[in-house]
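A.B. asks: Dropping in model05.tsv, which is TSV, C-alpha atoms:
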```tsv
chain	number	residue	atom	x	y	z
A	19	MET	CA	-18.03	-34.29	-67.00
A	20	THR	CA	-20.72	-35.75	-64.76
A	21	THR	CA	-18.72	-36.35	-61.59
A	22	GLY	CA	-15.17	-35.12	-62.14
A	23	GLY	CA	-16.07	-31.83	-63.87
A	24	PRO	CA	-17.24	-29.82	-60.89
A	25	TRP	CA	-14.20	-30.86	-58.88
A	26	LEU	CA	-11.90	-29.93	-61.78
A	27	ALA	CA	-13.63	-26.55	-61.88
A	28	THR	CA	-13.02	-26.19	-58.15
A	29	ALA	CA	-9.32	-26.90	-58.69
A	30	ALA	CA	-9.24	-24.36	-61.53
A	31	ARG	CA	-10.93	-21.75	-59.32
A	32	LEU	CA	-8.43	-22.29	-56.52
A	33	LEU	CA	-5.46	-22.19	-58.92
A	34	VAL	CA	-6.38	-19.04	-60.84
A	35	GLY	CA	-7.96	-17.36	-57.83
A	36	GLY	CA	-5.04	-18.22	-55.58
A	37	VAL	CA	-2.51	-16.84	-58.05
A	38	PHE	CA	-4.45	-13.58	-58.42
A	39	LEU	CA	-4.95	-13.23	-54.69
A	40	VAL	CA	-1.24	-13.65	-53.99
A	41	ALA	CA	-0.18	-11.48	-56.94
A	42	GLY	CA	-2.43	-8.65	-55.76
A	43	ALA	CA	-1.53	-8.93	-52.09
A	44	VAL	CA	2.24	-8.88	-52.53
A	45	LYS	CA	2.03	-5.60	-54.47
A	46	LEU	CA	0.38	-3.69	-51.64
A	47	PRO	CA	3.25	-3.35	-49.12
A	48	ASP	CA	5.58	-1.41	-51.47
A	49	PRO	CA	3.53	1.01	-53.59
A	50	ALA	CA	6.62	2.88	-54.81
A	51	ALA	CA	7.96	-0.37	-56.30
A	52	ALA	CA	4.58	-1.01	-57.94
A	53	VAL	CA	4.78	2.40	-59.59
A	54	ARG	CA	8.29	1.67	-60.90
A	55	ALA	CA	7.19	-1.76	-62.16
A	56	VAL	CA	4.32	-0.27	-64.16
A	57	ARG	CA	6.50	2.55	-65.45
A	58	ALA	CA	9.18	0.07	-66.54
A	59	TYR	CA	6.88	-1.20	-69.31
A	60	ARG	CA	6.87	2.29	-70.87
A	61	LEU	CA	3.33	1.71	-72.12
A	62	LEU	CA	1.26	4.11	-70.02
A	63	PRO	CA	1.56	7.88	-69.85
A	64	GLU	CA	2.88	9.09	-66.50
A	65	ALA	CA	-0.60	10.33	-65.53
A	66	LEU	CA	-1.98	6.78	-65.60
A	67	VAL	CA	0.99	4.98	-64.05
A	68	HIS	CA	-0.11	5.50	-60.45
A	69	LEU	CA	-3.70	4.54	-61.24
A	70	ALA	CA	-2.56	1.22	-62.72
A	71	ALA	CA	0.04	0.61	-60.00
A	72	PHE	CA	-2.42	1.16	-57.14
A	73	GLY	CA	-5.60	-0.07	-58.85
A	74	LEU	CA	-4.52	-3.33	-60.49
A	75	PRO	CA	-3.69	-5.07	-57.19
A	76	VAL	CA	-7.20	-4.28	-55.92
A	77	VAL	CA	-8.78	-5.71	-59.06
A	78	GLU	CA	-6.53	-8.77	-58.81
A	79	ILE	CA	-7.51	-9.35	-55.19
A	80	ALA	CA	-11.22	-8.88	-55.99
A	81	VAL	CA	-11.06	-11.37	-58.87
A	82	GLY	CA	-8.96	-13.78	-56.81
A	83	LEU	CA	-11.34	-13.64	-53.84
A	84	ALA	CA	-14.40	-14.21	-56.03
A	85	LEU	CA	-12.78	-17.28	-57.61
A	86	VAL	CA	-11.47	-18.74	-54.37
A	87	VAL	CA	-14.78	-18.47	-52.52
A	88	GLY	CA	-16.79	-19.26	-55.66
A	89	LEU	CA	-18.93	-16.15	-56.18
A	90	ALA	CA	-19.83	-14.99	-59.69
A	91	VAL	CA	-17.40	-17.57	-61.01
A	92	ARG	CA	-18.09	-17.05	-64.71
A	93	THR	CA	-17.73	-13.25	-64.46
A	94	ALA	CA	-14.59	-13.54	-62.34
A	95	ALA	CA	-13.09	-16.12	-64.70
A	96	LEU	CA	-13.75	-13.83	-67.67
A	97	ALA	CA	-12.26	-10.86	-65.81
A	98	SER	CA	-9.15	-12.87	-64.97
A	99	ALA	CA	-8.86	-13.93	-68.61
A	100	VAL	CA	-9.04	-10.28	-69.71
A	101	LEU	CA	-6.35	-9.32	-67.17
A	102	LEU	CA	-4.11	-12.20	-68.24
A	103	ALA	CA	-4.50	-11.37	-71.93
A	104	GLY	CA	-3.48	-7.80	-71.12
A	105	TYR	CA	-0.45	-8.96	-69.13
A	106	ILE	CA	0.64	-11.31	-71.90
A	107	ALA	CA	0.40	-8.49	-74.43
A	108	ALA	CA	2.35	-6.12	-72.15
A	109	ILE	CA	5.14	-8.63	-71.46
A	110	ALA	CA	5.36	-9.57	-75.15
A	111	SER	CA	5.59	-5.91	-76.08
A	112	ALA	CA	8.36	-5.31	-73.53
A	113	TRP	CA	10.21	-8.31	-74.95
A	114	ALA	CA	9.71	-7.15	-78.54
A	115	ARG	CA	11.00	-3.67	-77.70
A	116	GLY	CA	14.10	-5.15	-76.09
A	117	LEU	CA	13.37	-3.77	-72.62
A	118	GLN	CA	15.27	-5.35	-69.75
A	119	ILE	CA	12.57	-5.70	-67.12
A	120	ASP	CA	11.05	-8.12	-64.70
A	121	CYS	CA	7.29	-8.45	-65.27
A	122	GLY	CA	6.60	-7.33	-61.70
A	123	CYS	CA	3.84	-9.92	-61.65
A	124	PHE	CA	4.48	-10.77	-58.01
A	125	GLY	CA	5.70	-7.44	-56.70
A	126	GLY	CA	9.09	-5.87	-57.10
A	127	GLY	CA	9.91	-2.71	-58.95
A	128	GLY	CA	10.45	-4.24	-62.38
A	129	GLN	CA	14.23	-4.24	-61.95
A	130	VAL	CA	16.16	-7.13	-63.33
A	131	ALA	CA	19.87	-7.67	-63.68
A	132	ALA	CA	21.05	-7.29	-67.25
A	133	GLY	CA	20.58	-10.49	-69.22
A	134	ARG	CA	18.36	-12.00	-66.53
A	135	THR	CA	15.01	-11.37	-68.17
A	136	ALA	CA	12.54	-14.26	-68.11
A	137	TYR	CA	10.01	-13.28	-70.77
A	138	PRO	CA	9.33	-16.78	-72.22
A	139	GLY	CA	8.65	-18.29	-68.80
A	140	GLU	CA	6.47	-15.36	-67.73
A	141	ILE	CA	4.42	-15.57	-70.92
A	142	ALA	CA	4.12	-19.38	-70.76
A	143	ARG	CA	2.81	-19.15	-67.19
A	144	ASP	CA	0.26	-16.49	-68.09
A	145	VAL	CA	-0.90	-18.38	-71.19
A	146	ALA	CA	-1.43	-21.53	-69.11
A	147	LEU	CA	-3.45	-19.55	-66.56
A	148	LEU	CA	-5.41	-17.89	-69.37
A	149	LEU	CA	-6.42	-21.29	-70.77
A	150	VAL	CA	-7.55	-22.47	-67.34
A	151	ALA	CA	-9.52	-19.24	-66.83
A	152	LEU	CA	-11.23	-19.60	-70.20
A	153	ALA	CA	-12.16	-23.23	-69.48
A	154	LEU	CA	-13.57	-22.10	-66.15
A	155	ALA	CA	-15.65	-19.43	-67.87
A	156	ARG	CA	-17.03	-22.12	-70.19
A	157	TRP	CA	-17.76	-24.67	-67.40
A	158	PRO	CA	-18.15	-22.63	-64.20
A	159	ALA	CA	-20.22	-25.16	-62.21
A	160	SER	CA	-18.05	-26.34	-59.34
A	161	ARG	CA	-18.10	-27.85	-55.85
A	162	LEU	CA	-17.36	-25.97	-52.63
A	163	SER	CA	-18.63	-22.70	-54.01
A	164	LEU	CA	-20.28	-19.96	-51.98
A	165	GLY	CA	-22.49	-18.89	-54.88
A	166	ARG	CA	-23.87	-22.41	-55.11
A	167	ALA	CA	-24.39	-22.64	-51.35
A	168	LEU	CA	-26.34	-19.37	-51.34
A	169	ALA	CA	-28.55	-20.43	-54.23
A	170	ALA	CA	-32.02	-21.85	-53.55
A	171	PRO	CA	-32.06	-25.62	-52.91
A	172	ASP	CA	-34.03	-26.44	-56.07
A	173	GLU	CA	-31.59	-24.46	-58.18
A	174	ARG	CA	-28.73	-26.23	-56.53
A	175	GLU	CA	-30.11	-29.61	-57.49
A	176	PHE	CA	-30.70	-28.36	-60.98
A	177	SER	CA	-27.18	-27.13	-61.35
A	178	HIS	CA	-25.71	-30.32	-60.05
A	179	ALA	CA	-27.74	-32.38	-62.48
A	180	ARG	CA	-26.59	-30.15	-65.30
B	16	MET	CA	-67.61	-46.50	-66.01
B	17	PRO	CA	-66.62	-43.25	-64.23
B	18	GLY	CA	-68.71	-40.13	-64.71
B	19	LYS	CA	-67.63	-37.16	-66.79
B	20	GLY	CA	-67.91	-34.68	-63.87
B	21	PRO	CA	-65.03	-35.83	-61.65
B	22	ASP	CA	-62.73	-36.12	-64.69
B	23	LYS	CA	-63.36	-32.51	-65.68
B	24	ARG	CA	-62.82	-31.30	-62.14
B	25	GLU	CA	-59.58	-33.26	-61.91
B	26	ALA	CA	-58.32	-31.72	-65.16
B	27	ALA	CA	-59.23	-28.22	-63.97
B	28	ARG	CA	-57.42	-28.82	-60.67
B	29	GLN	CA	-54.35	-29.93	-62.54
B	30	ARG	CA	-54.50	-26.88	-64.80
B	31	ILE	CA	-54.73	-24.58	-61.81
B	32	ALA	CA	-51.91	-26.39	-60.04
B	33	ALA	CA	-49.70	-26.16	-63.14
B	34	GLN	CA	-50.49	-22.46	-63.48
B	35	ARG	CA	-49.65	-21.85	-59.82
B	36	ALA	CA	-46.41	-23.77	-60.18
B	37	ALA	CA	-45.49	-21.71	-63.25
B	38	GLU	CA	-46.28	-18.50	-61.39
B	39	ALA	CA	-44.19	-19.61	-58.45
B	40	ALA	CA	-41.32	-20.50	-60.76
B	41	ALA	CA	-41.55	-17.13	-62.46
B	42	ARG	CA	-41.58	-15.40	-59.07
B	43	ALA	CA	-38.56	-17.39	-57.95
B	44	LYS	CA	-36.79	-16.58	-61.21
B	45	ALA	CA	-37.52	-12.87	-60.83
B	46	GLN	CA	-36.33	-13.04	-57.25
B	47	ARG	CA	-33.13	-14.78	-58.30
B	48	ARG	CA	-32.54	-12.19	-60.98
B	49	ARG	CA	-33.14	-9.41	-58.48
B	50	ARG	CA	-30.71	-11.04	-56.09
B	51	THR	CA	-28.09	-11.44	-58.81
B	52	VAL	CA	-28.43	-7.82	-59.89
B	53	LEU	CA	-28.33	-6.58	-56.29
B	54	GLY	CA	-25.34	-8.82	-55.58
B	55	GLY	CA	-23.55	-7.57	-58.68
B	56	VAL	CA	-24.21	-3.94	-57.85
B	57	GLY	CA	-23.15	-4.53	-54.25
B	58	ALA	CA	-19.92	-6.22	-55.34
B	59	ALA	CA	-19.16	-3.43	-57.80
B	60	VAL	CA	-19.71	-0.81	-55.09
B	61	VAL	CA	-17.40	-2.68	-52.71
B	62	VAL	CA	-14.68	-2.94	-55.37
B	63	VAL	CA	-14.98	0.75	-56.27
B	64	ILE	CA	-14.77	1.76	-52.59
B	65	ALA	CA	-11.74	-0.51	-52.15
B	66	LEU	CA	-10.12	1.05	-55.23
B	67	VAL	CA	-10.64	4.58	-53.92
B	68	VAL	CA	-9.42	3.73	-50.41
B	69	VAL	CA	-6.33	1.90	-51.65
B	70	PHE	CA	-5.55	4.66	-54.13
B	71	VAL	CA	-5.70	7.31	-51.41
B	72	VAL	CA	-3.66	5.23	-48.94
B	73	GLN	CA	-0.97	4.28	-51.47
B	74	SER	CA	-0.75	7.85	-52.78
B	75	SER	CA	-0.14	9.15	-49.29
B	76	ARG	CA	2.41	6.39	-48.64
B	77	THR	CA	4.39	7.31	-51.77
B	78	SER	CA	4.10	11.06	-51.45
B	79	THR	CA	7.07	12.96	-50.14
B	80	SER	CA	6.97	16.25	-48.31
B	81	ALA	CA	7.41	19.21	-50.65
B	82	SER	CA	9.45	20.91	-47.95
B	83	ALA	CA	11.71	17.89	-47.39
B	84	ALA	CA	15.43	18.68	-47.22
B	85	VAL	CA	17.44	18.33	-50.42
B	86	PRO	CA	21.21	17.94	-50.42
B	87	ALA	CA	23.52	20.63	-51.79
B	88	ASN	CA	26.11	20.11	-54.55
B	89	THR	CA	23.79	18.14	-56.82
B	90	THR	CA	23.71	18.27	-60.58
B	91	ASP	CA	21.30	17.09	-63.28
B	92	GLY	CA	18.00	18.10	-61.74
B	93	GLY	CA	19.00	17.63	-58.11
B	94	TYR	CA	19.32	13.84	-58.00
B	95	ALA	CA	22.89	13.25	-59.11
B	96	PHE	CA	26.38	14.16	-57.93
B	97	GLY	CA	28.91	14.99	-60.62
B	98	VAL	CA	32.64	14.52	-60.53
B	99	GLY	CA	35.23	15.35	-63.15
B	100	SER	CA	36.02	18.27	-65.38
B	101	ALA	CA	33.07	20.24	-66.71
B	102	ASP	CA	34.83	20.22	-70.10
B	103	ALA	CA	35.08	16.44	-70.23
B	104	GLU	CA	33.95	15.12	-73.60
B	105	VAL	CA	31.92	12.19	-72.37
B	106	THR	CA	29.36	11.93	-69.57
B	107	LEU	CA	28.83	8.70	-67.69
B	108	ASP	CA	25.57	8.40	-65.77
B	109	MET	CA	25.80	5.65	-63.19
B	110	TYR	CA	22.64	4.40	-61.46
B	111	GLU	CA	23.43	2.31	-58.40
B	112	ASP	CA	22.08	1.06	-55.13
B	113	PHE	CA	24.70	0.66	-52.38
B	114	GLN	CA	23.17	-2.72	-51.48
B	115	CYS	CA	23.32	-4.03	-55.07
B	116	PRO	CA	25.92	-6.81	-55.51
B	117	ASN	CA	26.21	-6.24	-59.27
B	118	CYS	CA	27.04	-2.60	-58.60
B	119	GLU	CA	29.76	-3.73	-56.22
B	120	ASN	CA	31.00	-6.02	-58.98
B	121	LEU	CA	31.12	-3.15	-61.48
B	122	GLU	CA	32.89	-0.92	-58.96
B	123	SER	CA	35.51	-3.52	-58.04
B	124	THR	CA	36.19	-4.43	-61.71
B	125	SER	CA	36.01	-1.07	-63.39
B	126	GLY	CA	35.87	1.61	-60.70
B	127	ALA	CA	39.60	2.32	-60.98
B	128	ALA	CA	39.44	2.56	-64.77
B	129	ILE	CA	36.57	5.03	-64.55
B	130	GLN	CA	38.52	7.11	-62.04
B	131	GLN	CA	41.46	7.21	-64.43
B	132	LEU	CA	39.20	8.44	-67.22
B	133	VAL	CA	37.90	11.13	-64.86
B	134	ALA	CA	41.41	12.08	-63.79
B	135	ALA	CA	42.48	12.30	-67.43
B	136	GLY	CA	39.65	14.77	-68.07
B	137	THR	CA	38.03	12.51	-70.66
B	138	VAL	CA	34.98	11.68	-68.60
B	139	LYS	CA	32.71	13.28	-66.08
B	140	VAL	CA	30.63	10.95	-63.96
B	141	ARG	CA	27.17	11.64	-62.58
B	142	TYR	CA	26.35	9.32	-59.70
B	143	HIS	CA	22.62	8.64	-59.40
B	144	GLY	CA	21.81	6.81	-56.18
B	145	MET	CA	18.78	4.56	-55.93
B	146	ALA	CA	17.23	3.00	-52.84
B	147	PHE	CA	15.08	0.01	-53.69
B	148	LEU	CA	16.76	-2.90	-51.89
B	149	ASN	CA	15.43	-2.04	-48.45
B	150	THR	CA	14.44	-4.90	-46.20
B	151	SER	CA	13.54	-5.00	-42.56
B	152	LYS	CA	16.54	-7.27	-42.07
B	153	ASN	CA	19.03	-4.76	-43.45
B	154	ASP	CA	17.21	-2.02	-41.53
B	155	GLN	CA	16.41	-0.09	-44.75
B	156	TYR	CA	20.11	-0.05	-45.68
B	157	SER	CA	19.48	1.22	-49.22
B	158	THR	CA	17.80	4.33	-47.86
B	159	ARG	CA	20.27	4.79	-44.98
B	160	SER	CA	23.33	4.46	-47.22
B	161	LEU	CA	22.02	6.78	-49.95
B	162	ASN	CA	20.96	9.31	-47.32
B	163	ALA	CA	24.47	9.11	-45.83
B	164	ALA	CA	26.01	9.62	-49.28
B	165	ALA	CA	23.82	12.69	-49.81
B	166	VAL	CA	24.95	14.01	-46.42
B	167	VAL	CA	28.59	13.52	-47.46
B	168	ALA	CA	28.10	15.30	-50.79
B	169	SER	CA	26.09	18.07	-49.22
B	170	THR	CA	28.74	18.69	-46.55
B	171	ALA	CA	31.98	18.01	-48.39
B	172	GLY	CA	31.19	18.11	-52.10
B	173	ALA	CA	30.79	15.64	-54.95
B	174	ASP	CA	34.42	14.44	-54.82
B	175	ALA	CA	33.81	13.31	-51.24
B	176	TYR	CA	30.71	11.52	-52.54
B	177	ALA	CA	32.86	9.60	-55.02
B	178	GLN	CA	35.20	8.56	-52.22
B	179	PHE	CA	32.34	7.58	-49.93
B	180	HIS	CA	30.82	5.63	-52.85
B	181	GLN	CA	34.11	3.72	-53.19
B	182	LEU	CA	34.27	3.02	-49.44
B	183	LEU	CA	30.70	1.74	-49.28
B	184	PHE	CA	31.21	-0.67	-52.16
B	185	ALA	CA	34.52	-1.84	-50.73
B	186	HIS	CA	32.70	-2.64	-47.48
B	187	GLN	CA	29.35	-3.65	-48.96
B	188	PRO	CA	27.31	-5.74	-46.53
B	189	PRO	CA	26.08	-9.05	-47.97
B	190	GLU	CA	22.63	-9.03	-49.52
B	191	GLY	CA	20.26	-10.56	-46.99
B	192	GLY	CA	22.55	-9.42	-44.20
B	193	SER	CA	21.95	-6.68	-41.67
B	194	GLY	CA	23.52	-3.74	-43.53
B	195	LEU	CA	26.14	-1.36	-42.19
B	196	SER	CA	25.20	0.39	-38.96
B	197	ASP	CA	24.70	4.14	-38.75
B	198	ASP	CA	27.93	4.32	-36.74
B	199	GLN	CA	29.82	2.59	-39.55
B	200	LEU	CA	28.27	4.93	-42.12
B	201	ILE	CA	29.34	7.92	-40.02
B	202	ALA	CA	32.88	6.54	-39.74
B	203	TYR	CA	33.13	6.13	-43.54
B	204	ALA	CA	31.63	9.59	-44.04
B	205	ASN	CA	34.34	11.03	-41.80
B	206	GLN	CA	36.95	9.06	-43.73
B	207	ALA	CA	35.61	10.52	-46.98
B	208	GLY	CA	36.09	14.02	-45.57
B	209	ALA	CA	32.63	14.84	-44.25
B	210	THR	CA	33.03	15.64	-40.58
B	211	GLY	CA	31.19	17.47	-37.88
B	212	ALA	CA	28.22	17.02	-35.61
B	213	THR	CA	25.68	17.71	-38.34
B	214	VAL	CA	27.02	14.82	-40.44
B	215	ALA	CA	26.34	12.29	-37.69
B	216	ARG	CA	22.96	13.83	-36.96
B	217	ASP	CA	21.83	13.95	-40.59
B	218	ILE	CA	22.92	10.34	-41.14
B	219	ARG	CA	21.07	9.10	-38.05
B	220	ASP	CA	17.96	11.22	-38.68
B	221	LEU	CA	17.66	10.32	-42.38
B	222	THR	CA	17.56	14.02	-43.17
B	223	TYR	CA	17.41	13.27	-46.90
B	224	GLY	CA	15.11	10.23	-46.55
B	225	ASP	CA	12.31	11.74	-48.65
B	226	TRP	CA	14.87	12.88	-51.20
B	227	THR	CA	16.11	9.26	-51.59
B	228	GLU	CA	12.55	8.20	-52.47
B	229	ARG	CA	12.29	10.95	-55.05
B	230	ALA	CA	15.72	10.09	-56.44
B	231	THR	CA	14.66	6.45	-56.88
B	232	ASP	CA	11.46	7.53	-58.59
B	233	GLN	CA	13.41	9.89	-60.85
B	234	ALA	CA	15.73	7.05	-61.91
B	235	SER	CA	12.67	5.02	-62.83
B	236	LYS	CA	11.39	7.98	-64.86
B	237	ASP	CA	14.81	8.09	-66.55
B	238	GLY	CA	14.03	4.57	-67.78
B	239	VAL	CA	16.32	2.71	-65.39
B	240	THR	CA	14.98	-0.78	-64.67
B	241	GLY	CA	18.01	-2.38	-63.09
B	242	THR	CA	21.25	-1.57	-61.37
B	243	PRO	CA	23.91	-0.95	-62.30
B	244	THR	CA	22.79	1.06	-65.29
B	245	VAL	CA	25.56	3.01	-67.00
B	246	LEU	CA	24.72	5.56	-69.66
B	247	VAL	CA	27.57	6.67	-71.90
B	248	ASP	CA	26.49	10.06	-73.22
B	249	GLY	CA	22.92	8.93	-72.63
B	250	LYS	CA	23.24	5.55	-74.30
B	251	PRO	CA	22.99	2.44	-72.10
B	252	LEU	CA	26.17	0.41	-71.81
B	253	PRO	CA	25.24	-3.19	-72.67
B	254	ASN	CA	25.79	-5.68	-69.85
B	255	ALA	CA	26.94	-3.02	-67.40
B	256	THR	CA	27.10	-5.67	-64.68
B	257	THR	CA	29.97	-7.52	-66.30
B	258	ALA	CA	31.58	-4.66	-68.23
B	259	THR	CA	35.36	-4.85	-68.20
B	260	PRO	CA	37.56	-1.77	-67.96
B	261	ALA	CA	38.49	-2.29	-71.63
B	262	GLN	CA	34.84	-2.33	-72.69
B	263	ILE	CA	34.08	0.82	-70.73
B	264	THR	CA	37.10	2.59	-72.15
B	265	ALA	CA	36.10	1.49	-75.66
B	266	ALA	CA	32.56	2.76	-75.17
B	267	VAL	CA	33.90	6.09	-73.89
B	268	GLN	CA	36.26	6.42	-76.83
B	269	ALA	CA	33.47	5.59	-79.26
B	270	ALA	CA	31.26	8.24	-77.65
B	271	ALA	CA	34.09	10.78	-77.75
B	272	ALA	CA	34.69	10.03	-81.43
B	273	GLY	CA	31.00	10.12	-82.31
```
Can I see the file as structure tokens?

C.D. replies:
Amino acid sequence: MTTGGPWLATAARLLVGGVFLVAGAVKLPDPAAAVRAVRAYRLLPEALVHLAAFGLPVVEIAVGLALVVGLAVRTAALASAVLLAGYIAAIASAWARGLQIDCGCFGGGGQVAAGRTAYPGEIARDVALLLVALALARWPASRLSLGRALAAPDEREFSHAR
Amino acid sequence: MPGKGPDKREAARQRIAAQRAAEAAARAKAQRRRRTVLGGVGAAVVVVIALVVVFVVQSSRTSTSASAAVPANTTDGGYAFGVGSADAEVTLDMYEDFQCPNCENLESTSGAAIQQLVAAGTVKVRYHGMAFLNTSKNDQYSTRSLNAAAVVASTAGADAYAQFHQLLFAHQPPEGGSGLSDDQLIAYANQAGATGATVARDIRDLTYGDWTERATDQASKDGVTGTPTVLVDGKPLPNATTATPAQITAAVQAAAAG
């Protein structure tokens, strides 16, 4: 982990951050679809559906931005892991209850043609991202990071040596 | 042999230097901590502001005018159009988007069989339109077509809606295509029995545009997550997309018996 580690962490940041950034951004243009996608899970009471539908994309974009530029990497990686764990639980619960929905992970209103659900693939993708996010939370030191660039020079050296 | 004096002074200098270095390190650490806390608070404030702004913007984008026009001749809470005898034993709720290819498939395979069941007085159908397949390329065809269907029903009744419904699926534009034009929608509306200047105007002006948004939201509240969804006396018909006339008839008979 002396030379390759920080670059691996950079790749992990860009992967997880990029996915969250895109996932959040594509949900903004069609808020009505976002509401339907959240409602399709039948997990939240109607009073909270709009809050989740309009708020989650903002949180996703915030986490994604932090990871991509490299600010507060450990916090952002933990936040993304929490989000992913929640998504995995929600998708698994929809699957277990026999709902016919699309996860709405990248926009859309949660509609899916009958028999076209993709729960295993959606869960596998989120589990893979969760593992990367957890590894990043454990080893957050990375190259090309804004947080590192802003830090004092002595600290920078120290972190690199670490 | 060196004297004791310079040695002592050297040691004292080193002690002082070490102390100063430790103080400087502590100051730097405190400063870093302050910066981290300030940065964290700043970031949290920015995220909260973004959340509030986005929530307000998205709420206003999804809100519909309370005074928006609603079509006449609706049933079931104002978002469906019913055809068939009121005494029919079984109710079919059909949730469809006029741009949805699977809905077209259902209509072309089983539409005639459903009409026979309606004609026989066994079944009454409630058509629930949805509008969620809008694109800029099809010029918001889902909304335009459902608005046109509401205009037809409002002007000429639910039976005209059923006929218009049949016409639109028979002439469904390809998904990813440009949708039917307003002129075409008006022509089919006339063919279905809705005529007059107000029909053309209401189709062009999207008179029931807000209502189509509310209808789509209501379908989602009804638990519909895909089209076509067919409820037979409230119970979802499995694999509605590929249901054969025989399967639909069987499901209706089972519901009538139960």

A.B. asks: Taking all atoms listed in the file into account, report as an MDAnalysis selection string which residues of chain A lie within 8 Å of chain B.

C.D. replies: chainID A and resid 49:51 54 57:58 69 72:73 76:77 80 118:119 127:133

A.B. asks: Find the residues near range 144-156 of chain A: any atom within 10 Å, counting only C-alpha atoms, skip ones fewer than 2 places away on the same chain, and give them as a PyMOL selection string.

C.D. replies: chain A and resi 26-31+33-35+37+85+91-106+109+123+138-142+158-160

A.B. asks: How would the residues just chosen look if you wrote them out with C-alpha atoms as a PDB file, keeping the file's coordinate frame?

C.D. replies:
```pdb
ATOM      1  CA  LEU A  26     -11.900 -29.930 -61.780  1.00  0.00           C
ATOM      2  CA  ALA A  27     -13.630 -26.550 -61.880  1.00  0.00           C
ATOM      3  CA  THR A  28     -13.020 -26.190 -58.150  1.00  0.00           C
ATOM      4  CA  ALA A  29      -9.320 -26.900 -58.690  1.00  0.00           C
ATOM      5  CA  ALA A  30      -9.240 -24.360 -61.530  1.00  0.00           C
ATOM      6  CA  ARG A  31     -10.930 -21.750 -59.320  1.00  0.00           C
ATOM      7  CA  LEU A  33      -5.460 -22.190 -58.920  1.00  0.00           C
ATOM      8  CA  VAL A  34      -6.380 -19.040 -60.840  1.00  0.00           C
ATOM      9  CA  GLY A  35      -7.960 -17.360 -57.830  1.00  0.00           C
ATOM     10  CA  VAL A  37      -2.510 -16.840 -58.050  1.00  0.00           C
ATOM     11  CA  LEU A  85     -12.780 -17.280 -57.610  1.00  0.00           C
ATOM     12  CA  VAL A  91     -17.400 -17.570 -61.010  1.00  0.00           C
ATOM     13  CA  ARG A  92     -18.090 -17.050 -64.710  1.00  0.00           C
ATOM     14  CA  THR A  93     -17.730 -13.250 -64.460  1.00  0.00           C
ATOM     15  CA  ALA A  94     -14.590 -13.540 -62.340  1.00  0.00           C
ATOM     16  CA  ALA A  95     -13.090 -16.120 -64.700  1.00  0.00           C
ATOM     17  CA  LEU A  96     -13.750 -13.830 -67.670  1.00  0.00           C
ATOM     18  CA  ALA A  97     -12.260 -10.860 -65.810  1.00  0.00           C
ATOM     19  CA  SER A  98      -9.150 -12.870 -64.970  1.00  0.00           C
ATOM     20  CA  ALA A  99      -8.860 -13.930 -68.610  1.00  0.00           C
ATOM     21  CA  VAL A 100      -9.040 -10.280 -69.710  1.00  0.00           C
ATOM     22  CA  LEU A 101      -6.350  -9.320 -67.170  1.00  0.00           C
ATOM     23  CA  LEU A 102      -4.110 -12.200 -68.240  1.00  0.00           C
ATOM     24  CA  ALA A 103      -4.500 -11.370 -71.930  1.00  0.00           C
ATOM     25  CA  GLY A 104      -3.480  -7.800 -71.120  1.00  0.00           C
ATOM     26  CA  TYR A 105      -0.450  -8.960 -69.130  1.00  0.00           C
ATOM     27  CA  ILE A 106       0.640 -11.310 -71.900  1.00  0.00           C
ATOM     28  CA  ILE A 109       5.140  -8.630 -71.460  1.00  0.00           C
ATOM     29  CA  CYS A 123       3.840  -9.920 -61.650  1.00  0.00           C
ATOM     30  CA  PRO A 138       9.330 -16.780 -72.220  1.00  0.00           C
ATOM     31  CA  GLY A 139       8.650 -18.290 -68.800  1.00  0.00           C
ATOM     32  CA  GLU A 140       6.470 -15.360 -67.730  1.00  0.00           C
ATOM     33  CA  ILE A 141       4.420 -15.570 -70.920  1.00  0.00           C
ATOM     34  CA  ALA A 142       4.120 -19.380 -70.760  1.00  0.00           C
ATOM     35  CA  PRO A 158     -18.150 -22.630 -64.200  1.00  0.00           C
ATOM     36  CA  ALA A 159     -20.220 -25.160 -62.210  1.00  0.00           C
ATOM     37  CA  SER A 160     -18.050 -26.340 -59.340  1.00  0.00           C
TER      38      SER A 160
END
```

A.B. asks: Please enclose the listed atoms of range 24-32 of chain A in an axis-aligned box, pad each side by 4 Å, and write out the centre and the three edge lengths in Å, rounded to one decimal, as AutoDock Vina command-line options.

C.D. replies:
```
--center_x -12.8 --center_y -26.3 --center_z -59.2 --size_x 16.8 --size_y 17.1 --size_z 13.4
```

A.B. asks: Have a look at CA of Gly82 in chain A and CA of Leu32 in chain A and let me know their distance in Å, one decimal.

C.D. replies: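 A separation of 8.5 Å between them.
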
A.B. asks: Would you compute the distance between CA of Pro63 in chain A and CA of Cys121 in chain A? Give it in Å to one decimal.

C.D. replies: 17.9 Å

A.B. asks: Nearest to Gly126 in chain B: which of B:Gln187, B:Gln181, B:Thr158, B:Thr264 is it, counting only C-alpha atoms?

C.D. replies: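 Closest candidate: B:Gln181.
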
A.B. asks: Would you compute the distance between CA of Ser82 in chain B and CA of Asp225 in chain B? Give it in Å to one decimal.

C.D. replies: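 Distance reported for this atom pair: 9.6 Å.
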
A.B. asks: Could you check which residues have any atom within 10 Å of (-18.8, -17.8, -50.1), counting only C-alpha atoms with coordinates taken straight from the file, and then list them as a list in words?

C.D. replies: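 Answer for this query, in the requested form: Leu83, Ala84, Leu85, Val86, Val87, Gly88, Leu89, Leu162, Ser163, Leu164, Gly165, Arg166, Ala167 and Leu168 of chain A.
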